[in-house]
Each structure stands twice: as C-alpha cells, then as structure tokens.
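Report on the following structure.
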There are 2 protein chains.
Amino acid sequence: MADIRLIEIKEDILSDNKNLAGEIRDSLRAKKVFLLNLMASPGAGKTSLILQTIRRLKDTFRIGIIEGDIDSIVDAEKVTKEGVPAVQLRTGGFCHLDASMISMALAEMDLANLDLVIIENVGNLVCPAEFDTGAMRNAMILSVPEGDDKPLKYPLMFSICDVLVVNKIDYLAGSDFDMAAFRDRVLKLNPGIRIFEVSCKTGEGLEAWTGWLSGEVETLN
Amino acid sequence: MADIRLIEIKEDILSDNKNLAGEIRDSLRAKKVFLLNLMASPGAGKTSLILQTIRRLKDTFRIGIIEGDIDSIVDAEKVTKEGVPAVQLRTGGFCHLDASMISMALAEMDLANLDLVIIENVGNLVCPAEFDTGAMRNAMILSVPEGDDKPLKYPLMFSICDVLVVNKIDYLAGSDFDMAAFRDRVLKLNPGIRIFEVSCKTGEGLEAWTGWLSGEVETLN
C-alpha cells in the first residue's frame, strides 16, 4: 500500500478565523459597540426582523447594519431607508461570512457613533455556523414554514446560537408544525438557548426579542 | 436615507485565488505534472472513476491523488491500496477546495516522481465551480440517477468544465433520463465540452475517457 499524508484544512482555517474573531470582539468591547450575528435560511425573515428591530430600537441605540445576505444592494437599501447606515458585503453567492470579511465591513463604519451592529449573514443553515464572525451573540431565525424537523438536520447551527427566533408564527394555525416537539429538539441540542416566538408580519412577540437585545447591548455600558 | 458602503468580497477572494492557481499551473507545467480537478455531487462516482482510472493508467503514468471529498481517510485508503500515493485534505465539511489548499497538498507530494495528479474535490455542484484549483483541466461527473435537469440547476459547474463524464449509464434502461435533452442542455451552456458516457460498474465507455486523459497528460511531455 502506498503512502497517505493527512492535512487538517479545517483546523487551520478555523483557528486563524477564531483568532481574528477574538480580536474583533475585544476591540468592539473597548469601543462599547455590541455586535450581533443573525443567521437563517433564505426567506426565513432576516431582513424583516432587522427592519422591525430598527423601528423599535433606533430611538434608544445608534444602529448599523452589515448586509451579507444577497448579491445586490436591495437589503441595504431597505435598511438605510429606516435611517441607519449599512455596509453591503457583496458576497456573490458565497456560503458564509467570516471574521476577515466582518473586519473589512467594520473598517467602513463610524464605530464611535454606533451602539449596536447587526450582521445579516448569508442565507444558509450550514456554513455560517462554522465561522465565528467576532459577534458577541449569535442569533438564528427558524420560520414555521421550514418545518419542526430542522434541528435534526442542522444541529450545529442550533447548537452554536445563543438565541433562536421562531418567525412566522401567524402560519402556525393550519400548519403541522409541532412547537412542543420543536422546542424539545432544540433544547436537547442547546439547553441554554433563548427562544422567542414572533411574527414580523403581525408584530406579535417582537417586544420580548427587542427587550432581550436591549439588555445585551446595555451590558457594554 | 442613510449611507450605504459596498464591499466586493467575492472579487477580492476570487482574484487572490486565481493568482495562486496560475502560479500552481505554471509550476506544475515546468515539472511536467498534469493536474486534473474532478468535481461532482456526493455519490456520483468520483472515487469509483478515480479507482477505474488508476487501474487502467497506472502502468503508463505515475499517478498521485489529492482527496478532498470526505471527512475521513476512507477514500485515500482505497486509492493507496491501488498502489498510488494520496494526500487527504480533511476539510471537515467545507464546501470546496481552493488553490491554497491544493498548494498545501502538492507540497506534501513527490512531484518529481509523478506525471498525473487527480484532485477529488468536495461533493458539491455549487461552490467548487467558483474556485480555480490550479488544475490544467476541470472534469465533472453527472450520474444518471441525479436526473437530466441538472444543467438547468447548476449552470456554472457545467459551464466551467472541459469534460463531463456521465456515469451510471447502466441505470439508463428503466430510467426517465433523457440523454438527448441532457446533452442539448449541456451543450447550450458549454458548446466545447467533451462528454463521455460511462459505467464505472460495468466498465462501459471508460476507454474513451482514459484515452482522452492520456492524451492530455502527454501534451506536457
């Protein structure tokens, strides 16, 4: 039998990324800027949740947005119409954001005049879960139409998030989404996760979410 | 309306990758080592095609394999049992290989004693198509059970390959795979692509494939 050499790609890349993410976190903490990383599948409601959050919190905090989701500036335009600055990372179909991309985006922002920066990560429940962006907290959205089995299919994402926003609860009536079974699956993977049930369409449940987020931002002050 | 800054992540990353890929290609050409990048979905038959290729060509060329497909060394073990050396890139679920990873793998190989290196890329029809690995030729496999609609769903992959191996043609009888429609869809995306219809199980069609590959390797000598 011939020779096999083994190279651990993932460990090298992830350890470089982790180091840079730690530097970003330390630097933002010193500047009193809270960084939230928001992840979800395409269409789960990342932009809607961000717009609702801006409307509810923009009089309390100075907010900025890093948009990484799509290959256009549509989402960034929606956000800036709410009066908050945005950096659009045109990823062109890339599957995740990493710490070096976030570092590039933060360099374009006026951090001295911001309290809260929200990253809208690429629409994907797999790769973004692998990469520490430098955020203080990781949040994900799972929307009711995606189904209650997703924790079984994407366990890493549910494991690494501090917060889970279950969006589109207005679809629950007439759906076979089993919230009790879903919560049970999530909590088995991640007993400490905070879960908020919301509808960005009706506004239901959003106050609990923004209350949690406000408390987190205030920990830096 | 607030300010939007735009950062083109993809262009930066892909242009760095392209430069390194060009350096790899020049260096391998000088050493008379032919590098082939083999891409496909999981289960399409990448390892089977590599094993069949080794059996048919190992008396003619000195072959080495870079295995990037899976999170174990199973595929590398199968290859080395055929008597050819392998480097296993343990990607741990990463979605593609890039030029820097291939450069790391080539550094572990005895290139002075190789004529042909085959990269078994990660099982994925999306991301690997974006990244030049430094290979002289890109090949892909589409297996009959995957369906004849794949060129419509993954146009970039079909566009950037020099060669398409249609594997598992032993499944054609009793399948609704329409080879004429499939070829038509592929050739509309990429009129210059070479198409080989094979079965790694029965051996049918493999001689045309290895004949083409031998001709390519010989162009370096």
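Residue numbering restarts at 1 for every chain of the structure tokens, chains are lettered A, B, ... in their displayed order, and ligands are numbered from 1 as they appear.
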
Query raised in the report: Running DSSP on the backbone, which parts of region 18-155 of chain B land in strand (DSSP E or B), as a VMD selection string?
Result: chain B and resid 34 to 40 63 to 67 86 to 89 116 to 120 137 to 143

Would you save the residues of that selection, restricted to N, CA, C and O atoms, as an mmCIF file, in the first residue's frame?
```cif
data_model
loop_
_atom_site.group_PDB
_atom_site.id
_atom_site.type_symbol
_atom_site.label_atom_id
_atom_site.label_comp_id
_atom_site.auth_asym_id
_atom_site.auth_seq_id
_atom_site.Cartn_x
_atom_site.Cartn_y
_atom_site.Cartn_z
ATOM 1 N N PHE B 34 0.681 16.780 -14.766
ATOM 2 C CA PHE B 34 -0.657 17.189 -15.199
ATOM 3 C C PHE B 34 -1.608 17.117 -14.009
ATOM 4 O O PHE B 34 -1.686 16.095 -13.322
ATOM 5 N N LEU B 35 -2.349 18.211 -13.767
ATOM 6 C CA LEU B 35 -3.281 18.254 -12.633
ATOM 7 C C LEU B 35 -4.721 18.313 -13.153
ATOM 8 O O LEU B 35 -5.078 19.207 -13.928
ATOM 9 N N LEU B 36 -5.524 17.333 -12.739
ATOM 10 C CA LEU B 36 -6.943 17.257 -13.133
ATOM 11 C C LEU B 36 -7.809 17.482 -11.904
ATOM 12 O O LEU B 36 -7.589 16.854 -10.859
ATOM 13 N N ASN B 37 -8.810 18.349 -12.022
ATOM 14 C CA ASN B 37 -9.749 18.627 -10.925
ATOM 15 C C ASN B 37 -11.071 17.932 -11.231
ATOM 16 O O ASN B 37 -11.725 18.255 -12.218
ATOM 17 N N LEU B 38 -11.450 16.968 -10.389
ATOM 18 C CA LEU B 38 -12.669 16.174 -10.626
ATOM 19 C C LEU B 38 -13.751 16.578 -9.617
ATOM 20 O O LEU B 38 -13.558 16.456 -8.407
ATOM 21 N N MET B 39 -14.871 17.023 -10.132
ATOM 22 C CA MET B 39 -15.957 17.516 -9.284
ATOM 23 C C MET B 39 -17.248 16.749 -9.558
ATOM 24 O O MET B 39 -17.459 16.260 -10.669
ATOM 25 N N ALA B 40 -18.124 16.688 -8.570
ATOM 26 C CA ALA B 40 -19.421 16.009 -8.720
ATOM 27 C C ALA B 40 -20.191 16.131 -7.413
ATOM 28 O O ALA B 40 -19.630 16.486 -6.376
ATOM 29 N N ILE B 63 0.943 8.144 -10.967
ATOM 30 C CA ILE B 63 -0.267 8.882 -10.568
ATOM 31 C C ILE B 63 -0.253 9.177 -9.063
ATOM 32 O O ILE B 63 0.190 8.345 -8.268
ATOM 33 N N GLY B 64 -0.747 10.349 -8.686
ATOM 34 C CA GLY B 64 -0.976 10.696 -7.278
ATOM 35 C C GLY B 64 -2.375 11.287 -7.142
ATOM 36 O O GLY B 64 -2.921 11.822 -8.106
ATOM 37 N N ILE B 65 -2.934 11.173 -5.941
ATOM 38 C CA ILE B 65 -4.316 11.621 -5.727
ATOM 39 C C ILE B 65 -4.374 12.614 -4.563
ATOM 40 O O ILE B 65 -3.732 12.399 -3.531
ATOM 41 N N ILE B 66 -5.136 13.686 -4.754
ATOM 42 C CA ILE B 66 -5.469 14.596 -3.647
ATOM 43 C C ILE B 66 -6.947 14.383 -3.337
ATOM 44 O O ILE B 66 -7.813 14.649 -4.167
ATOM 45 N N GLU B 67 -7.221 13.883 -2.138
ATOM 46 C CA GLU B 67 -8.589 13.556 -1.741
ATOM 47 C C GLU B 67 -9.144 14.677 -0.893
ATOM 48 O O GLU B 67 -8.637 14.936 0.203
ATOM 49 N N ALA B 86 -1.442 9.170 -1.896
ATOM 50 C CA ALA B 86 -2.571 10.097 -1.756
ATOM 51 C C ALA B 86 -2.307 11.088 -0.638
ATOM 52 O O ALA B 86 -1.680 10.747 0.364
ATOM 53 N N VAL B 87 -2.780 12.301 -0.828
ATOM 54 C CA VAL B 87 -2.840 13.278 0.257
ATOM 55 C C VAL B 87 -4.307 13.491 0.571
ATOM 56 O O VAL B 87 -5.110 13.773 -0.326
ATOM 57 N N GLN B 88 -4.685 13.315 1.822
ATOM 58 C CA GLN B 88 -6.072 13.544 2.238
ATOM 59 C C GLN B 88 -6.173 14.924 2.861
ATOM 60 O O GLN B 88 -5.528 15.203 3.875
ATOM 61 N N LEU B 89 -6.961 15.802 2.238
ATOM 62 C CA LEU B 89 -7.272 17.103 2.826
ATOM 63 C C LEU B 89 -8.515 16.912 3.675
ATOM 64 O O LEU B 89 -9.603 16.698 3.144
ATOM 65 N N LEU B 116 0.800 12.539 -13.258
ATOM 66 C CA LEU B 116 -0.622 12.907 -13.233
ATOM 67 C C LEU B 116 -1.102 12.964 -11.786
ATOM 68 O O LEU B 116 -0.928 11.999 -11.036
ATOM 69 N N VAL B 117 -1.681 14.107 -11.395
ATOM 70 C CA VAL B 117 -2.311 14.219 -10.071
ATOM 71 C C VAL B 117 -3.793 14.515 -10.289
ATOM 72 O O VAL B 117 -4.149 15.417 -11.060
ATOM 73 N N ILE B 118 -4.633 13.724 -9.649
ATOM 74 C CA ILE B 118 -6.085 13.928 -9.754
ATOM 75 C C ILE B 118 -6.601 14.432 -8.407
ATOM 76 O O ILE B 118 -6.328 13.837 -7.364
ATOM 77 N N ILE B 119 -7.331 15.545 -8.453
ATOM 78 C CA ILE B 119 -7.986 16.088 -7.255
ATOM 79 C C ILE B 119 -9.411 15.548 -7.188
ATOM 80 O O ILE B 119 -10.192 15.763 -8.115
ATOM 81 N N GLU B 120 -9.750 14.847 -6.118
ATOM 82 C CA GLU B 120 -11.159 14.516 -5.876
ATOM 83 C C GLU B 120 -11.732 15.638 -5.030
ATOM 84 O O GLU B 120 -11.485 15.708 -3.824
ATOM 85 N N ARG B 137 -7.060 20.967 -16.255
ATOM 86 C CA ARG B 137 -8.403 20.675 -16.776
ATOM 87 C C ARG B 137 -9.379 20.445 -15.621
ATOM 88 O O ARG B 137 -9.001 19.871 -14.600
ATOM 89 N N ASN B 138 -10.625 20.879 -15.829
ATOM 90 C CA ASN B 138 -11.718 20.611 -14.894
ATOM 91 C C ASN B 138 -12.636 19.562 -15.495
ATOM 92 O O ASN B 138 -13.080 19.696 -16.634
ATOM 93 N N ALA B 139 -12.914 18.516 -14.709
ATOM 94 C CA ALA B 139 -13.842 17.484 -15.150
ATOM 95 C C ALA B 139 -14.944 17.352 -14.115
ATOM 96 O O ALA B 139 -14.725 17.580 -12.926
ATOM 97 N N MET B 140 -16.132 16.997 -14.566
ATOM 98 C CA MET B 140 -17.224 16.740 -13.633
ATOM 99 C C MET B 140 -17.896 15.425 -13.993
ATOM 100 O O MET B 140 -17.817 14.966 -15.125
ATOM 101 N N ILE B 141 -18.529 14.836 -12.989
ATOM 102 C CA ILE B 141 -19.344 13.647 -13.216
ATOM 103 C C ILE B 141 -20.788 14.013 -12.927
ATOM 104 O O ILE B 141 -21.077 14.706 -11.944
ATOM 105 N N LEU B 142 -21.678 13.567 -13.802
ATOM 106 C CA LEU B 142 -23.112 13.627 -13.504
ATOM 107 C C LEU B 142 -23.593 12.193 -13.640
ATOM 108 O O LEU B 142 -23.380 11.566 -14.687
ATOM 109 N N SER B 143 -24.198 11.661 -12.590
ATOM 110 C CA SER B 143 -24.659 10.277 -12.680
ATOM 111 C C SER B 143 -26.138 10.253 -13.063
ATOM 112 O O SER B 143 -26.906 11.141 -12.678
#
```

Query - Contact residues around region 204-207 of chain B with only C-alpha atoms at 10 Å, ignoring same-chain residues under 6 positions, as a ChimeraX atom specification - result: /B:49,52-53,56,165-170,196-198,213

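When only C-alpha atoms are used to compute distances to His96 (chain B), the closest of the residues B:Val122, B:Val84, B:Met179, B:Val33 turns out to be B:Val122.
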
Requested in this report: Skip Asn221 (chain A) itself and residues of its chain fewer than 3 positions away, then list as an NGL selection string all residues within 8 Å of it, counting only C-alpha atoms.
Outcome: :A and (32 or 217-218)

I need the chosen residues saved as a compact mmCIF listing (two decimals), in the first residue's frame, with N, CA, C and O atoms.
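Output saved as selection_0.txt:
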```txt
# COMPACT_ATOMS: atom_id res chain seq x y z
N LYS A 32 -17.36 49.88 23.11
CA LYS A 32 -18.77 49.78 23.54
C LYS A 32 -19.74 49.65 22.36
O LYS A 32 -20.77 50.32 22.29
N VAL A 217 -27.21 44.81 24.74
CA VAL A 217 -26.44 45.99 24.32
C VAL A 217 -26.03 46.79 25.56
O VAL A 217 -24.90 47.28 25.65
N GLU A 218 -26.95 46.87 26.53
CA GLU A 218 -26.66 47.66 27.73
C GLU A 218 -25.56 47.06 28.62
O GLU A 218 -24.94 47.78 29.39
```

Report task. Select residues of chain A: the criterion is any atom within 6 Å of an atom of chain B, counting only C-alpha atoms; output as a ChimeraX atom specification. Result -> /A:1-10,80-81,83-92

Query raised in the report: What lies within 12 Å of Ser100 (chain B) using only C-alpha atoms, ignoring chain neighbours under 5 positions off, as a count of residues only?
Result: 22

Requested in this report: Find the spatial neighbours of region 149-159 of chain A, counting only C-alpha atoms, within a cut-off of 7 Å - ignore same-chain residues fewer than 5 positions away - and output them as a ChimeraX atom specification.
Outcome: /A:125-126,129,182,185-186,189-190

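Every protein or nucleic acid residue with an atom no more than 9 Å from Ser214 (chain B), counting only C-alpha atoms and leaving out same-chain residues fewer than 4 positions away, appears here: Leu57, Thr60, Phe61, Trp209, Thr210, Glu218 and Thr219 of chain B.
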
Report summary line: Counting only C-alpha atoms, closest pick from B:Leu51, B:Ala208, B:Ala99, B:Ala112 relative to Lys31 (chain B) is B:Ala112

Report task. Would you please give, as a PyMOL selection string, all residues of chain A that DSSP assigns to helix (DSSP H, G or I) based on the backbone? Result -> chain A and resi 9-30+46-57+74-81+99-107+111-113+127-130+144-146+150-153+155-160+169-171+179-189+206-218

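Counting from CA of Asp26 (chain B), the distance to CA of Ile160 (chain B) is 19.7 Å.
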
Requested in this report: Have a look at CA of Asp178 (chain A) and CA of Gly147 (chain A) and let me know their distance in Å, one decimal.
Outcome: 8.5 Å

Report task. Rounded to one decimal place, report the CA of Leu172 (chain A)-CA of Cys200 (chain A) distance in Å. Result -> 13.6 Å

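Using only C-alpha atoms, the nearest neighbour of Trp212 (chain A) within the list A:Asp98, A:Asp162, A:Asp176, A:Asp148 is A:Asp162.
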